[in-house]
file run.cif (mmCIF, C-alpha atoms and all ligand atoms)
data_query
loop_
_atom_site.label_atom_id
_atom_site.label_comp_id
_atom_site.auth_asym_id
_atom_site.auth_seq_id
_atom_site.Cartn_x
_atom_site.Cartn_y
_atom_site.Cartn_z
CA MET A 1 -56.30 4.31 -14.51
CA SER A 2 -59.59 6.14 -14.36
CA VAL A 3 -62.56 5.19 -16.50
CA THR A 4 -65.13 7.61 -17.84
CA ALA A 5 -68.66 7.06 -16.57
CA LYS A 6 -71.93 8.77 -17.46
CA LEU A 7 -75.27 9.28 -15.78
CA ALA A 8 -78.26 9.92 -18.07
CA LEU A 9 -81.60 11.04 -16.65
CA GLU A 10 -84.94 10.40 -18.30
CA ASP A 11 -85.34 14.19 -18.81
CA GLY A 12 -82.31 14.15 -21.14
CA THR A 13 -79.68 15.50 -18.73
CA ILE A 14 -76.21 13.94 -18.90
CA PHE A 15 -73.49 14.06 -16.23
CA THR A 16 -69.98 12.90 -17.13
CA GLY A 17 -67.38 11.92 -14.53
CA GLN A 18 -65.15 9.02 -13.51
CA GLY A 19 -66.22 5.50 -12.66
CA PHE A 20 -64.74 4.38 -9.34
CA GLY A 21 -66.64 1.18 -8.62
CA ALA A 22 -67.39 -1.80 -10.81
CA GLU A 23 -67.52 -1.34 -14.56
CA GLY A 24 -70.88 -1.91 -16.20
CA GLU A 25 -74.27 -0.38 -16.76
CA ILE A 26 -77.24 -0.20 -14.41
CA SER A 27 -80.60 1.53 -14.28
CA GLY A 28 -82.43 2.86 -11.25
CA GLU A 29 -84.36 5.69 -9.67
CA VAL A 30 -81.91 8.55 -9.00
CA VAL A 31 -82.29 9.85 -5.43
CA PHE A 32 -80.15 11.79 -2.96
CA ASN A 33 -79.08 11.36 0.66
CA THR A 34 -78.06 14.32 2.85
CA SER A 35 -76.07 12.38 5.49
CA MET A 36 -72.53 13.61 6.08
CA THR A 37 -71.31 10.21 7.28
CA GLY A 38 -72.57 6.64 7.30
CA TYR A 39 -71.93 5.79 3.65
CA GLN A 40 -71.36 2.14 4.45
CA GLU A 41 -74.67 1.85 6.32
CA ILE A 42 -76.38 3.59 3.39
CA LEU A 43 -74.74 1.29 0.84
CA THR A 44 -75.91 -1.81 2.71
CA ASP A 45 -79.47 -0.64 3.54
CA PRO A 46 -81.66 -3.02 1.46
CA SER A 47 -84.33 -0.30 1.17
CA TYR A 48 -82.18 1.27 -1.59
CA ARG A 49 -82.79 -1.67 -3.91
CA GLY A 50 -83.49 -0.32 -7.43
CA GLN A 51 -82.05 3.14 -6.65
CA ILE A 52 -78.96 5.12 -7.64
CA VAL A 53 -77.99 7.04 -4.51
CA THR A 54 -76.27 10.45 -4.74
CA MET A 55 -74.53 11.75 -1.62
CA THR A 56 -74.89 15.52 -1.12
CA TYR A 57 -71.89 15.65 1.23
CA PRO A 58 -68.99 16.49 -1.10
CA GLU A 59 -66.32 14.06 0.06
CA ILE A 60 -67.08 10.40 0.66
CA GLY A 61 -64.76 7.53 1.57
CA ASN A 62 -62.41 9.34 3.96
CA TYR A 63 -62.73 6.78 6.78
CA GLY A 64 -62.63 3.71 4.54
CA VAL A 65 -64.80 0.63 5.03
CA ASN A 66 -64.92 -2.12 7.64
CA SER A 67 -66.83 -5.32 8.29
CA ILE A 68 -68.70 -3.90 11.33
CA ASP A 69 -70.69 -0.91 10.05
CA VAL A 70 -72.92 -2.91 7.72
CA GLU A 71 -76.70 -3.12 7.71
CA HIS A 72 -76.78 -6.28 5.55
CA GLU A 73 -74.26 -8.74 4.16
CA LYS A 74 -73.74 -6.73 0.97
CA PRO A 75 -74.97 -3.60 -0.81
CA SER A 76 -78.17 -4.04 -2.77
CA LEU A 77 -78.56 -0.54 -4.22
CA ALA A 78 -78.27 -0.10 -7.99
CA GLY A 79 -75.52 2.54 -8.12
CA PHE A 80 -73.66 5.20 -6.11
CA ILE A 81 -72.70 8.81 -6.94
CA VAL A 82 -70.37 11.18 -5.09
CA ARG A 83 -68.78 14.57 -5.79
CA GLU A 84 -65.34 13.46 -4.70
CA GLU A 85 -64.12 10.03 -3.75
CA SER A 86 -61.52 10.52 -1.04
CA ARG A 87 -58.20 9.28 -2.36
CA VAL A 88 -56.94 8.58 1.14
CA PHE A 89 -58.74 6.93 4.01
CA SER A 90 -57.77 7.01 7.62
CA ASN A 91 -59.49 5.37 10.55
CA TYR A 92 -58.34 2.81 13.09
CA ARG A 93 -61.32 0.61 12.22
CA ALA A 94 -60.79 0.76 8.45
CA GLU A 95 -60.10 -2.52 6.66
CA GLY A 96 -60.04 -1.22 3.09
CA ASP A 97 -61.06 1.58 0.76
CA LEU A 98 -64.47 2.47 -0.63
CA ALA A 99 -63.59 1.95 -4.30
CA GLY A 100 -62.33 -1.58 -3.60
CA TYR A 101 -65.47 -2.34 -1.60
CA LEU A 102 -67.73 -1.15 -4.44
CA LYS A 103 -65.74 -3.13 -7.01
CA SER A 104 -65.81 -6.34 -4.99
CA ASN A 105 -69.56 -5.97 -4.50
CA ASN A 106 -70.14 -5.19 -8.18
CA ILE A 107 -71.61 -1.72 -7.60
CA VAL A 108 -71.22 0.81 -10.42
CA ALA A 109 -70.23 4.22 -9.03
CA LEU A 110 -69.64 7.70 -10.42
CA ALA A 111 -67.46 10.49 -9.01
CA GLY A 112 -66.43 13.94 -10.15
CA ILE A 113 -69.81 15.30 -11.25
CA ASP A 114 -71.57 18.41 -9.97
CA THR A 115 -73.75 16.61 -7.43
CA ARG A 116 -75.30 19.92 -6.36
CA ALA A 117 -76.65 20.51 -9.88
CA LEU A 118 -77.96 16.92 -9.99
CA VAL A 119 -79.69 17.24 -6.60
CA ARG A 120 -81.23 20.61 -7.52
CA ARG A 121 -82.63 19.02 -10.67
CA ILE A 122 -84.17 16.17 -8.66
CA ARG A 123 -85.60 18.59 -6.09
CA VAL A 124 -87.22 20.71 -8.79
CA HIS A 125 -88.42 17.96 -11.12
CA GLY A 126 -88.71 15.00 -8.72
CA ALA A 127 -86.87 11.66 -8.49
CA MET A 128 -86.12 10.38 -12.00
CA ARG A 129 -85.16 7.17 -13.69
CA GLY A 130 -81.53 7.10 -14.78
CA ILE A 131 -78.80 4.99 -16.35
CA LEU A 132 -75.29 4.85 -14.97
CA SER A 133 -72.74 3.41 -17.37
CA THR A 134 -69.04 2.91 -17.94
CA THR A 135 -69.66 0.81 -21.05
CA ASP A 136 -71.99 2.89 -23.23
CA LEU A 137 -70.93 6.55 -23.43
CA ASN A 138 -73.34 7.59 -26.19
CA ASP A 139 -75.69 10.26 -24.84
CA ASP A 140 -78.68 9.52 -27.07
CA SER A 141 -78.50 5.81 -26.43
CA LEU A 142 -78.21 6.32 -22.64
CA ILE A 143 -81.15 8.76 -22.49
CA GLU A 144 -83.29 6.35 -24.50
CA LYS A 145 -82.39 3.50 -22.13
CA ALA A 146 -83.24 5.69 -19.12
CA ARG A 147 -86.66 6.40 -20.64
CA GLN A 148 -87.27 2.70 -21.31
CA SER A 149 -86.18 1.57 -17.84
CA GLU A 150 -88.58 0.29 -15.21
CA GLY A 151 -89.67 2.67 -12.43
CA LEU A 152 -90.34 1.65 -8.82
CA VAL A 153 -94.11 2.10 -8.71
CA GLY A 154 -96.12 -1.13 -8.66
CA ARG A 155 -93.04 -3.39 -8.36
CA ASP A 156 -92.37 -5.91 -5.58
CA LEU A 157 -88.70 -5.37 -4.74
CA VAL A 158 -89.05 -6.96 -1.29
CA ARG A 159 -88.84 -10.48 -2.69
CA GLU A 160 -85.35 -9.64 -4.04
CA VAL A 161 -83.93 -8.81 -0.60
CA MET A 162 -85.91 -10.73 2.03
CA PRO A 163 -84.48 -13.88 3.63
CA LYS A 164 -85.55 -17.26 2.30
CA SER A 165 -85.91 -18.97 5.67
CA VAL A 166 -86.46 -18.39 9.39
CA ILE A 167 -83.41 -17.16 11.34
CA LYS A 168 -82.74 -17.01 15.08
CA TRP A 169 -81.10 -13.61 15.63
CA ASP A 170 -78.53 -13.17 18.40
CA THR A 171 -76.19 -10.31 17.47
CA GLU A 172 -76.35 -7.32 19.80
CA LEU A 173 -75.48 -3.64 19.29
CA ASP A 174 -71.87 -2.50 19.16
CA GLU A 175 -70.46 -1.42 22.51
CA TRP A 176 -70.91 2.33 21.92
CA THR A 177 -74.61 2.11 21.15
CA ALA A 178 -75.18 -0.56 23.81
CA THR A 179 -73.83 1.78 26.50
CA GLU A 180 -76.25 4.47 25.44
CA VAL A 181 -79.16 2.00 25.39
CA SER A 182 -78.48 0.87 28.93
CA ARG A 183 -78.40 4.51 30.05
CA LEU A 184 -81.77 5.07 28.34
CA ARG A 185 -83.31 2.05 30.00
CA GLY A 186 -81.97 3.01 33.42
CA ASP A 187 -83.27 1.02 36.37
CA SER A 188 -86.19 -0.41 34.42
CA ALA A 189 -83.67 -2.62 32.60
CA GLN A 190 -83.04 -4.60 35.78
CA ASP A 191 -86.68 -5.63 36.15
CA ALA A 192 -87.66 -5.95 32.51
CA LYS A 193 -87.97 -9.48 31.29
CA GLY A 194 -87.18 -10.25 27.70
CA ALA A 195 -89.93 -11.01 25.25
CA HIS A 196 -90.07 -13.03 22.04
CA ILE A 197 -90.19 -10.72 19.02
CA VAL A 198 -90.85 -12.06 15.55
CA CYS A 199 -89.53 -9.69 12.88
CA MET A 200 -91.18 -9.80 9.48
CA ASP A 201 -88.14 -9.14 7.30
CA PHE A 202 -88.85 -7.14 4.14
CA GLY A 203 -85.16 -6.22 3.73
CA MET A 204 -84.46 -5.37 7.36
CA LYS A 205 -81.55 -3.18 8.45
CA TRP A 206 -79.56 -5.23 10.95
CA ASN A 207 -79.40 -2.52 13.61
CA ILE A 208 -83.09 -3.14 14.32
CA PRO A 209 -82.80 -6.77 15.53
CA ARG A 210 -79.54 -5.72 17.25
CA HIS A 211 -81.61 -3.24 19.29
CA PHE A 212 -84.16 -5.93 20.18
CA ALA A 213 -81.45 -8.44 21.14
CA SER A 214 -79.60 -5.86 23.27
CA ARG A 215 -82.78 -5.37 25.30
CA GLY A 216 -82.74 -9.02 26.34
CA ASN A 217 -85.33 -10.23 23.86
CA GLN A 218 -85.42 -13.48 21.94
CA VAL A 219 -85.56 -12.49 18.27
CA THR A 220 -86.82 -14.62 15.38
CA VAL A 221 -86.57 -13.26 11.84
CA VAL A 222 -89.04 -14.57 9.27
CA PRO A 223 -89.35 -13.85 5.52
CA GLY A 224 -91.74 -11.00 4.74
CA ASP A 225 -94.18 -13.34 3.00
CA THR A 226 -94.74 -15.55 6.07
CA SER A 227 -98.43 -16.02 6.87
CA ALA A 228 -100.11 -14.81 10.07
CA GLU A 229 -100.80 -18.43 11.04
CA GLU A 230 -97.12 -19.39 10.72
CA ILE A 231 -96.10 -16.32 12.74
CA LEU A 232 -98.59 -17.08 15.52
CA GLU A 233 -97.31 -20.68 15.69
CA LEU A 234 -93.95 -19.22 16.76
CA GLN A 235 -95.77 -17.83 19.84
CA PRO A 236 -94.40 -14.29 19.69
CA ASP A 237 -95.06 -11.70 22.39
CA GLY A 238 -94.88 -9.05 19.68
CA VAL A 239 -94.42 -8.70 15.94
CA PHE A 240 -92.09 -6.23 14.26
CA LEU A 241 -92.59 -5.05 10.65
CA SER A 242 -89.30 -4.07 9.02
CA ASN A 243 -88.16 -1.44 6.56
CA GLY A 244 -87.75 -2.51 2.95
CA PRO A 245 -87.45 -1.35 -0.65
CA GLY A 246 -89.88 0.01 -3.21
CA ASP A 247 -93.60 0.61 -3.37
CA PRO A 248 -95.56 -0.73 -0.36
CA GLU A 249 -98.85 -0.98 -2.27
CA PRO A 250 -98.28 -4.13 -4.36
CA LEU A 251 -97.21 -6.14 -1.28
CA THR A 252 -100.75 -7.43 -0.70
CA TYR A 253 -99.53 -10.67 0.95
CA ALA A 254 -98.06 -8.53 3.74
CA HIS A 255 -101.20 -6.37 4.05
CA GLU A 256 -103.27 -9.55 4.59
CA THR A 257 -100.91 -10.95 7.21
CA ILE A 258 -100.65 -7.71 9.18
CA LYS A 259 -104.42 -7.23 9.16
CA LYS A 260 -104.79 -10.61 10.87
CA LEU A 261 -102.06 -9.89 13.44
CA VAL A 262 -103.27 -6.47 14.63
CA GLY A 263 -105.31 -6.92 17.78
CA GLN A 264 -103.82 -10.35 18.48
CA LYS A 265 -100.22 -9.27 19.21
CA PRO A 266 -98.49 -5.92 19.80
CA VAL A 267 -97.21 -4.69 16.43
CA PHE A 268 -94.46 -2.13 15.72
CA GLY A 269 -93.46 -1.03 12.21
CA ILE A 270 -90.55 1.03 10.89
CA CYS A 271 -90.61 2.80 7.51
CA LEU A 272 -91.97 0.23 5.01
CA GLY A 273 -93.40 -1.57 8.07
CA HIS A 274 -95.27 1.60 9.07
CA GLN A 275 -96.59 2.00 5.51
CA LEU A 276 -97.69 -1.67 5.42
CA LEU A 277 -99.43 -1.35 8.80
CA SER A 278 -101.33 1.68 7.49
CA LEU A 279 -102.24 -0.04 4.21
CA ALA A 280 -103.36 -3.19 6.05
CA LEU A 281 -105.83 -1.13 8.07
CA GLY A 282 -107.26 0.67 5.05
CA ALA A 283 -105.08 3.75 4.49
CA LYS A 284 -103.42 4.67 1.20
CA THR A 285 -99.81 5.54 0.36
CA PHE A 286 -98.46 7.91 -2.28
CA LYS A 287 -95.11 8.65 -3.88
CA LEU A 288 -93.29 11.73 -2.59
CA LYS A 289 -91.77 14.09 -5.14
CA PHE A 290 -88.15 13.31 -4.21
CA GLY A 291 -88.40 11.52 -0.86
CA HIS A 292 -86.66 11.96 2.49
CA ARG A 293 -83.18 10.49 2.75
CA GLY A 294 -80.59 11.59 5.26
CA ALA A 295 -79.77 11.86 8.93
CA ASN A 296 -81.14 15.36 9.52
CA GLN A 297 -84.92 15.09 9.14
CA PRO A 298 -86.90 16.84 11.91
CA VAL A 299 -89.91 14.96 13.28
CA LEU A 300 -92.40 16.15 15.90
CA ASP A 301 -93.68 13.62 18.44
CA LEU A 302 -97.24 14.92 18.90
CA GLU A 303 -97.58 13.17 22.24
CA THR A 304 -94.59 14.75 23.99
CA GLY A 305 -94.20 17.89 21.85
CA LYS A 306 -90.53 17.05 21.40
CA VAL A 307 -88.73 17.41 18.09
CA GLU A 308 -86.35 14.60 17.23
CA ILE A 309 -83.72 14.73 14.50
CA THR A 310 -84.08 11.51 12.59
CA THR A 311 -82.58 9.25 9.98
CA GLN A 312 -84.87 8.63 7.04
CA ASN A 313 -84.89 6.79 3.75
CA HIS A 314 -88.20 6.70 2.01
CA GLY A 315 -89.86 7.71 -1.24
CA PHE A 316 -93.45 6.83 -0.36
CA ALA A 317 -95.60 8.09 2.53
CA VAL A 318 -98.97 7.47 4.17
CA GLU A 319 -101.74 9.72 2.87
CA GLU A 320 -103.20 11.53 5.87
CA ASP A 321 -106.68 11.99 4.40
CA SER A 322 -106.98 8.27 3.77
CA LEU A 323 -106.39 7.21 7.40
CA PRO A 324 -109.18 4.97 8.70
CA ASP A 325 -110.94 5.95 11.95
CA CYS A 326 -108.94 3.35 13.89
CA LEU A 327 -105.59 5.09 13.18
CA GLU A 328 -104.31 8.41 14.53
CA VAL A 329 -101.24 10.44 13.60
CA THR A 330 -98.52 10.40 16.30
CA HIS A 331 -95.56 11.98 14.48
CA ARG A 332 -95.15 14.57 11.77
CA ASN A 333 -92.24 15.40 9.47
CA LEU A 334 -91.53 19.10 10.05
CA ASN A 335 -90.03 19.70 6.59
CA ASP A 336 -93.24 18.99 4.70
CA ASP A 337 -95.84 18.09 7.38
CA THR A 338 -96.28 14.56 6.06
CA VAL A 339 -97.32 11.74 8.39
CA ALA A 340 -94.28 10.34 10.21
CA GLY A 341 -96.06 8.02 12.65
CA VAL A 342 -99.43 6.39 13.31
CA ARG A 343 -101.02 4.45 16.16
CA HIS A 344 -104.05 2.21 16.42
CA LYS A 345 -106.61 3.70 18.78
CA ASP A 346 -107.81 0.39 20.28
CA ALA A 347 -105.02 -2.15 19.70
CA VAL A 348 -101.30 -2.05 20.46
CA ALA A 349 -100.05 -1.30 16.96
CA PHE A 350 -97.92 1.65 15.92
CA GLY A 351 -95.45 2.62 13.23
CA VAL A 352 -92.99 5.36 12.38
CA GLN A 353 -91.77 6.51 8.99
CA HIS A 354 -88.29 7.37 10.28
CA HIS A 355 -85.55 5.06 11.54
CA PRO A 356 -85.16 4.89 15.35
CA GLU A 357 -82.31 2.40 14.86
CA ALA A 358 -80.45 5.30 13.12
CA SER A 359 -77.34 3.54 11.79
CA SER A 360 -76.18 5.90 10.66
CA GLY A 361 -77.64 8.96 12.32
CA PRO A 362 -78.76 10.56 15.56
CA HIS A 363 -80.06 8.48 18.46
CA ASP A 364 -82.98 10.80 19.33
CA SER A 365 -85.60 8.20 18.42
CA HIS A 366 -84.25 5.23 20.39
CA TYR A 367 -87.10 5.83 22.86
CA LEU A 368 -89.45 4.13 20.38
CA PHE A 369 -87.77 0.80 21.15
CA GLU A 370 -88.50 1.50 24.85
CA ARG A 371 -92.14 2.22 24.00
CA PHE A 372 -92.46 -1.13 22.23
CA GLN A 373 -90.64 -2.89 25.06
CA THR A 374 -93.08 -1.40 27.58
CA GLU A 375 -96.03 -2.59 25.50
CA LEU A 376 -94.49 -6.07 25.29
CA SER A 377 -93.95 -6.34 29.01
CA GLN A 378 -97.51 -5.19 29.68
CA SER A 379 -99.10 -7.66 27.32
CA SER A 380 -96.88 -10.74 27.72
N1 LIG B 1 -86.67 2.49 4.30
C1 LIG B 1 -87.84 2.01 3.95
O1 LIG B 1 -88.39 1.11 4.56
C2 LIG B 1 -88.43 2.58 2.69
C3 LIG B 1 -89.90 2.31 2.51
C4 LIG B 1 -90.34 2.44 1.07
N2 LIG B 1 -89.57 1.56 0.24
C5 LIG B 1 -90.21 3.86 0.61
O2 LIG B 1 -89.33 4.18 -0.17
O3 LIG B 1 -90.99 4.70 1.00
#
call {"tool": "encode", "arguments": {"input": "run.cif", "output": "structure tokens"}}
result
Amino acid sequence: MSVTAKLALEDGTIFTGQGFGAEGEISGEVVFNTSMTGYQEILTDPSYRGQIVTMTYPEIGNYGVNSIDVEHEKPSLAGFIVREESRVFSNYRAEGDLAGYLKSNNIVALAGIDTRALVRRIRVHGAMRGILSTTDLNDDSLIEKARQSEGLVGRDLVREVMPKSVIKWDTELDEWTATEVSRLRGDSAQDAKGAHIVCMDFGMKWNIPRHFASRGNQVTVVPGDTSAEEILELQPDGVFLSNGPGDPEPLTYAHETIKKLVGQKPVFGICLGHQLLSLALGAKTFKLKFGHRGANQPVLDLETGKVEITTQNHGFAVEEDSLPDCLEVTHRNLNDDTVAGVRHKDAVAFGVQHHPEASSGPHDSHYLFERFQTELSQSS
């Protein structure tokens, strides 16, 4: 039996469709993702905390869900919206259907709305706060609740998704990706010795430590609020700064820690990690109009002149004019020319706004893991 569900935006727009996940009511920032596949990786990416994610690809759920393609133990996004939920799923790896997965993880989801109209509205007016409900179907009440709901700016969402204690990480990449990584590493893999990488976890996607572990490294994962002193006591050869949800600016504890680590150990940051590295060294971040989310974002590597097609999921970006003298731009997003990577001029510290671990998405940016590995082997 299908339930009616509604999405109300803060600008007063209402979309009515069918609920296909858990029943209930949630609020969040309404954003969109342009990936054609990878819905399970998107659902479990902790960086979506506080957001209602709309898929632009019109049919979602056709290959079901499994226990392998996850980027965290469970979804932490606020809600999920699709044009059409596939009524059948077929894949030899599938263990169940999408609707059942959303229900068992208590995620409210909406299907059967004109997602193209919703996405056009977001593109024109910017990401908006919204309410997704199967329990209250009164338009005025929903719009009012959307207007009263909390936005993302100024909030620390990292504390809601980061681990509570130190973890020794030992899971490697799945066999398909591992094969490709060994091809990339070629002969150098034989000689390379593993390093000890400490990952500051702000809501880290699991494919990142899988990449580190598959390159023969010892990987220790620490909560994102661990101090520089505690990290150095672990005697890392390098420190990794993870992706994570929300606004990077209020995370001052992380800015302090990173500032102390730069220059002492090689540092590599992805997405939120790249923003935190930039903030720690004196740059500013700003909120993009509607963000970059999908697996088809073109990025130019200024060093090699190569364009890579990347996976992205971010709503904030580093402000180019605010970069301190010690940082230089290494990558640029070719859709809007925003900063997609920075590097310290004198210390081994660099970050990228996109996701080299992909998952899901193209593998063009895997070389960034090799770059970090080279730095580690030179400095350890
Ligand atoms: N994936 C991420 O790390 C996202 C970073 C940050 N929360 C943003 O939206 O910009």
call {"tool": "residues_around", "arguments": {"input": "run.cif", "residues": "Pro245 of chain A", "least_positions_apart": "2", "cutoff": "10 Å", "atoms": "all atoms listed in the file", "output": "list of chain:residue names"}}
result
A:Asp45, A:Pro46, A:Ser47, A:Tyr48, A:Arg49, A:Gly50, A:Gln51, A:Ser76, A:Leu77, A:Leu152, A:Arg155, A:Asp156, A:Leu157, A:Val158, A:Arg159, A:Glu160, A:Val161, A:Met162, A:Phe202, A:Gly203, A:Met204, A:Asn243, A:Asp247, A:Pro248, A:Cys271, A:Leu272, A:Asn313, A:His314, A:Gly315
call {"tool": "residues_around", "arguments": {"input": "run.cif", "residues": "Ser27 of chain A", "least_positions_apart": "2", "cutoff": "8 Å", "atoms": "all atoms listed in the file", "output": "list in words"}}
result
Glu25, Glu29, Gly50, Gln51, Ile52, Ala78, Arg129, Gly130, Ile131, Leu132, Ala146 and Ser149 of chain A
call {"tool": "residues_around", "arguments": {"input": "run.cif", "residues": "His331 of chain A", "least_positions_apart": "3", "cutoff": "7 Å", "atoms": "all atoms listed in the file", "output": "list in words"}}
result
Val299, Leu300, Asp301, Leu302, Val339, Ala340, Gly341 and Val342 of chain A
call {"tool": "closest_residue", "arguments": {"input": "run.cif", "among": "A:Met55, A:Cys199, A:Ala5, A:Ile208", "to": "Arg116 of chain A", "atoms": "only C-alpha atoms"}}
result
A:Met55
call {"tool": "atom_distance", "arguments": {"input": "run.cif", "atom1": "atom CA of Ile113 of chain A", "atom2": "atom CA of Ala99 of chain A"}}
result
16.3 Å
call {"tool": "residues_around", "arguments": {"input": "run.cif", "residues": "Ile231 of chain A", "least_positions_apart": "3", "cutoff": "10 Å", "atoms": "only C-alpha atoms", "output": "list in words"}}
result
Val198, Cys199, Met200, Thr220, Val222, Thr226, Ser227, Ala228, Leu234, Gln235, Pro236, Val239, Thr257 and Leu261 of chain A
call {"tool": "write_last_selection", "arguments": {"input": "run.cif", "atoms": "C-alpha atoms", "output": "tab-separated table (two decimals), in the coordinates of the input"}}
result
chain	number	residue	atom	x	y	z
A	198	VAL	CA	-90.85	-12.06	15.55
A	199	CYS	CA	-89.53	-9.69	12.88
A	200	MET	CA	-91.18	-9.80	9.48
A	220	THR	CA	-86.82	-14.62	15.38
A	222	VAL	CA	-89.04	-14.57	9.27
A	226	THR	CA	-94.74	-15.55	6.07
A	227	SER	CA	-98.43	-16.02	6.87
A	228	ALA	CA	-100.11	-14.81	10.07
A	234	LEU	CA	-93.95	-19.22	16.76
A	235	GLN	CA	-95.77	-17.83	19.84
A	236	PRO	CA	-94.40	-14.29	19.69
A	239	VAL	CA	-94.42	-8.70	15.94
A	257	THR	CA	-100.91	-10.95	7.21
A	261	LEU	CA	-102.06	-9.89	13.44
call {"tool": "atom_distance", "arguments": {"input": "run.cif", "atom1": "atom CA of Leu241 of chain A", "atom2": "atom CA of Ser214 of chain A"}}
result
18.1 Å
call {"tool": "residues_around", "arguments": {"input": "run.cif", "residues": "Asn105 of chain A", "least_positions_apart": "6", "cutoff": "8 Å", "atoms": "all atoms listed in the file", "output": "number ranges by chain"}}
result
A: 22, 74-75
call {"tool": "atom_distance", "arguments": {"input": "run.cif", "atom1": "atom CA of Pro324 of chain A", "atom2": "atom CA of His344 of chain A"}}
result
9.7 Å
call {"tool": "closest_residue", "arguments": {"input": "run.cif", "among": "A:Ile167, A:Val181, A:Leu276, A:Leu232", "to": "ligand LIG 1 (chain B)", "atoms": "only C-alpha atoms and all ligand atoms"}}
result
A:Leu276
call {"tool": "closest_residue", "arguments": {"input": "run.cif", "among": "A:Thr374, A:Gln275, A:Ser104, A:Thr37", "to": "ligand LIG 1 (chain B)", "atoms": "all atoms listed in the file"}}
result
A:Gln275
call {"tool": "closest_residue", "arguments": {"input": "run.cif", "among": "A:Arg210, A:Arg215, A:Lys259, A:Lys205", "to": "ligand LIG 1 (chain B)", "atoms": "all atoms listed in the file"}}
result
A:Lys205
call {"tool": "closest_residue", "arguments": {"input": "run.cif", "among": "A:Gln18, A:Thr44, A:Asn138, A:Thr330", "to": "Ser359 of chain A", "atoms": "all atoms listed in the file"}}
result
A:Thr44
call {"tool": "closest_residue", "arguments": {"input": "run.cif", "among": "A:Val219, A:Val307, A:Ala295, A:Ala254", "to": "Phe32 of chain A", "atoms": "all atoms listed in the file"}}
result
A:Ala295
call {"tool": "axis_aligned_box", "arguments": {"input": "run.cif", "around": "segment 198-215 of chain A", "padding_each_side": "8 Å", "output": "lines of an AutoDock Vina configuration file"}}
result
center_x = -85.3
center_y = -7.3
center_z = 14.5
size_x = 27.8
size_y = 25.5
size_z = 37.6
